[in-house]
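Everything on this sheet refers to the single structure shown next.
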Amino acid sequence: MPWTPACVGELRQRAGEALLHRVAGPTAHEKRARIHETPGPRWFDPDRPVRTVHADAAMYVGGLAALLLQSLHPVAMAAVAAHSGFESDPWGRLQRTSTFLAVTTFGTAQDAEQAVRRVRHVHGTVRGRTPEGVPYQASDPHLLAWVHAAETACFLSAHQRYGRRPLAPREADGYVADMARVARRLGVVDPPGTTAGLATRLAEYRPELRATAQSRAAARYLLARPPLPWPARVPYAFLAAAAVELLPPWVRTRLDLPYTTRLLLPLARPGGHAVVGALRWIIPAAPRPAPRLTP
């Protein structure tokens with residue numbers, strides 16, 4: 001098959017469409033059109049740091065790193081394992097998460113409020129006990145604060161390392177503050193508003209974090225048995241190594257890392273840049289945003 005510009009363009013389009021439908025679901029284009037093209041006030045202005053971070057392909061590294069870090073909280077991991085469809089419906093879970101992030105970051109204020117209400121309703125129904133018998137409920141502000149802090153830190157770290165344009169220190173603080181705005185609506189009490197505050201919050205949780213059978217199973221699933229066709233597993237292996245390498249060394253020592261991931265860690269950064277660059281190239285551009293109307 002000759003590698004003509006038209007052929008390359010067609011392959012790029014096919015790969016981009018396949019990825020978009022994996023991440024956003026079968027109605028991906030309809031979702032994108034509603035999120036980006038519906039007129040109305042937004043929570044965030046176009047120049048806010050949260051829009052810069054969440055629009056970049058580095059989010060794929062940050063999202064995987066966040067799942068690995070979050071899994072080390074035994075109570076939070078027990079809730080995820082029992083109620084989230086982590087392994088039974090991994091793509092559905094990814095699509096719900098990516099849609100929530102897109103709506104709250106880029107969608108209208110009305111749609112963002114509805115998305116938050118849906119999540120809070122689901123959290124209100126999720127409760128149970130860990131394998132050790134510790135009771136939990138997803139609406140617990142302490143657990144919400146952990147999930148929020150872990151994902152904020154990982155999204156920001158991934159962007160600073162792999163993003164097209166890393167944020168300046170003041171912008172990084174702005175990103176943490178933007179994420180705190182959404183977190184408060186989800187029920188997080190006093191979320192950090194600066195990178196220094198975020199680091200302090202994460203340190204406060206460190207004594208609670210440990211490896212469990214569920215966290216080890218999650219790491220093996222995410223790193224060694226991803227629900228992907230074989231051709232996609234090679235670039236995914238480098239993406240996974242980049243996500244692991246992004247985490248602090250003390251976190252990595254508590255994860256059950258498969259041999260392949262450990263082998264690729266020395267190549268994690270160049271491999272991560274290559275995969276993120278490829279993702280950035282194939283992902284279809286978002287629709288032109290509607291004019292923002294100040295509420």
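Ligands are numbered from 1 in the order shown, residues from 1 within each chain, and chains are lettered A, B, ... in the order they appear in the structure tokens.
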Could you pull out all residues of stretch 24-81 of chain A with a DSSP call of alpha helix (DSSP H) and give them as an mmCIF file with C-alpha atoms, in the first residue's frame?
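Below is the file states05.cif, written as the result:
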data_model
loop_
_atom_site.group_PDB
_atom_site.id
_atom_site.type_symbol
_atom_site.label_atom_id
_atom_site.label_comp_id
_atom_site.auth_asym_id
_atom_site.auth_seq_id
_atom_site.Cartn_x
_atom_site.Cartn_y
_atom_site.Cartn_z
ATOM 1 C CA ALA A 24 -16.458 9.260 24.619
ATOM 2 C CA ALA A 28 -19.130 11.117 20.798
ATOM 3 C CA HIS A 29 -19.738 13.709 18.090
ATOM 4 C CA GLU A 30 -23.181 14.585 19.415
ATOM 5 C CA LYS A 31 -21.729 15.013 22.911
ATOM 6 C CA ARG A 32 -18.918 17.196 21.617
ATOM 7 C CA ALA A 33 -21.293 19.387 19.648
ATOM 8 C CA ARG A 34 -23.525 19.950 22.679
ATOM 9 C CA ILE A 35 -20.599 20.602 25.017
ATOM 10 C CA HIS A 36 -18.693 23.009 22.788
ATOM 11 C CA GLU A 37 -21.330 24.595 20.550
ATOM 12 C CA PRO A 49 -5.782 26.914 33.005
ATOM 13 C CA VAL A 50 -8.291 24.079 33.445
ATOM 14 C CA ARG A 51 -9.229 24.415 29.787
ATOM 15 C CA THR A 52 -5.588 24.295 28.708
ATOM 16 C CA VAL A 53 -4.914 21.135 30.710
ATOM 17 C CA HIS A 54 -8.099 19.252 29.910
ATOM 18 C CA MET A 59 -4.576 13.840 30.109
ATOM 19 C CA TYR A 60 -4.275 10.201 29.045
ATOM 20 C CA VAL A 61 -1.082 9.857 31.077
ATOM 21 C CA GLY A 62 -2.520 11.808 34.003
ATOM 22 C CA GLY A 63 -5.739 9.824 34.088
ATOM 23 C CA LEU A 64 -3.962 6.482 34.274
ATOM 24 C CA ALA A 65 -1.565 7.783 36.937
ATOM 25 C CA ALA A 66 -4.543 9.066 38.956
ATOM 26 C CA LEU A 67 -6.244 5.655 38.914
ATOM 27 C CA LEU A 68 -3.072 3.971 40.154
ATOM 28 C CA LEU A 69 -2.547 6.521 42.916
ATOM 29 C CA GLN A 70 -6.190 6.482 44.009
ATOM 30 C CA PRO A 74 -8.019 0.954 50.773
ATOM 31 C CA VAL A 75 -11.474 2.399 51.430
ATOM 32 C CA ALA A 76 -11.699 4.313 48.158
ATOM 33 C CA MET A 77 -10.435 1.267 46.245
ATOM 34 C CA ALA A 78 -13.011 -0.996 47.872
ATOM 35 C CA ALA A 79 -15.790 1.332 46.720
ATOM 36 C CA VAL A 80 -14.394 1.440 43.180
ATOM 37 C CA ALA A 81 -14.000 -2.332 43.013
#
Applying 6 Å and only C-alpha atoms, which residues near stretch 111-127 of chain A remain after dropping the ones on its own chain fewer than 4 positions away? List them as a ChimeraX atom specification. /A:103-104,136-139
Can you list, as a ChimeraX atom specification, every protein, DNA or RNA residue that comes within 10 Å of A:Val275 when you count only C-alpha atoms, leaving out same-chain residues fewer than 2 positions away? /A:57-58,60-61,162,234-239,242,269-273,277-281
May I have a table of the residues of stretch 100-161 of chain A lying at most 10 Å from stretch 171-178 of chain A, giving each one's closest pair of atoms and their distance in Å to one decimal, counting only C-alpha atoms, ordered by chain and ascending residue number, as CSV?
residue,atom,partner,partner_atom,distance
A:Thr105,CA,A:Asp178,CA,9.1
A:Ala149,CA,A:Val176,CA,9.1
A:Thr152,CA,A:Val176,CA,6.8
A:Ala153,CA,A:Val176,CA,8.3
A:Phe155,CA,A:Tyr175,CA,9.8
A:Leu156,CA,A:Ala172,CA,7.4
A:Ser157,CA,A:Ala172,CA,9.7
A:His159,CA,A:Ala172,CA,9.9
A:Gln160,CA,A:Ala172,CA,8.9
Quick one, how far is atom CA of A:Pro249 from atom CA of A:Tyr205? 16.0 Å
Extract, using only C-alpha atoms, all DNA, RNA and protein residues at most 9 Å from A:Leu223, discarding same-chain residues fewer than 3 positions from it, and format them as JSON, numbers by chain. {"A": [218, 219, 220, 226, 236, 237, 240, 241, 257, 258, 260, 261]}
With N, CA and C atoms retained, export the selected residues as a compact mmCIF listing (two decimals), in the first residue's frame.
# COMPACT_ATOMS: atom_id res chain seq x y z
N ALA A 218 -5.96 -4.10 40.64
CA ALA A 218 -6.21 -2.94 39.78
C ALA A 218 -4.98 -2.60 38.96
N ALA A 219 -3.80 -2.61 39.60
CA ALA A 219 -2.57 -2.30 38.89
C ALA A 219 -2.30 -3.33 37.80
N ARG A 220 -2.50 -4.61 38.11
CA ARG A 220 -2.28 -5.65 37.09
C ARG A 220 -3.24 -5.46 35.92
N PRO A 226 -4.91 -4.54 29.81
CA PRO A 226 -5.86 -3.51 29.40
C PRO A 226 -6.84 -4.07 28.38
N TYR A 236 0.27 1.49 24.25
CA TYR A 236 -0.31 1.59 25.59
C TYR A 236 0.74 1.23 26.65
N ALA A 237 1.61 0.27 26.36
CA ALA A 237 2.63 -0.10 27.33
C ALA A 237 3.55 1.07 27.64
N ALA A 240 1.52 3.49 29.76
CA ALA A 240 1.44 3.00 31.13
C ALA A 240 2.74 3.26 31.87
N ALA A 241 3.87 3.02 31.21
CA ALA A 241 5.16 3.29 31.85
C ALA A 241 5.31 4.76 32.17
N LEU A 257 3.81 -3.77 40.07
CA LEU A 257 4.16 -3.45 38.69
C LEU A 257 4.53 -4.72 37.92
N PRO A 258 3.91 -4.94 36.77
CA PRO A 258 4.29 -6.10 35.96
C PRO A 258 5.70 -5.92 35.39
N THR A 260 6.87 -6.08 32.39
CA THR A 260 6.98 -5.24 31.20
C THR A 260 7.04 -3.76 31.57
N THR A 261 6.22 -3.34 32.51
CA THR A 261 6.23 -1.94 32.93
C THR A 261 7.56 -1.57 33.57
Which is closer to A:Arg252 than all the others in A:Arg42, A:Leu72, A:Ala213, A:Ser98, using only C-alpha atoms?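 Nearest to A:Arg252: A:Leu72.
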Computed interatomic separation between atom CA of A:Pro135 and atom CA of A:Leu101 (Å):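 The value is 28.3 Å.
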Which is closest to A:Ile282 among A:Leu19, A:Arg210, A:Tyr259, A:Ala180, if we use only C-alpha atoms?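 Between A:Leu19, A:Arg210, A:Tyr259, A:Ala180, the residue approaching A:Ile282 most closely is A:Leu19.
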Pick out the closest residue to A:Ala196 from this set: A:Asp47, A:Pro169, A:Leu247, A:Arg161. Count only C-alpha atoms.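 The shortest atom-to-atom distance to A:Ala196 comes from A:Pro169.
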Please identify which residues in stretch 1-169 of chain A DSSP calls strand (DSSP E or B) from the backbone, and express them as a list of chain:residue names. A:Gly40, A:Arg42, A:Thr108, A:Arg127, A:Gly128, A:Arg129, A:Pro135, A:Tyr136, A:Gln137
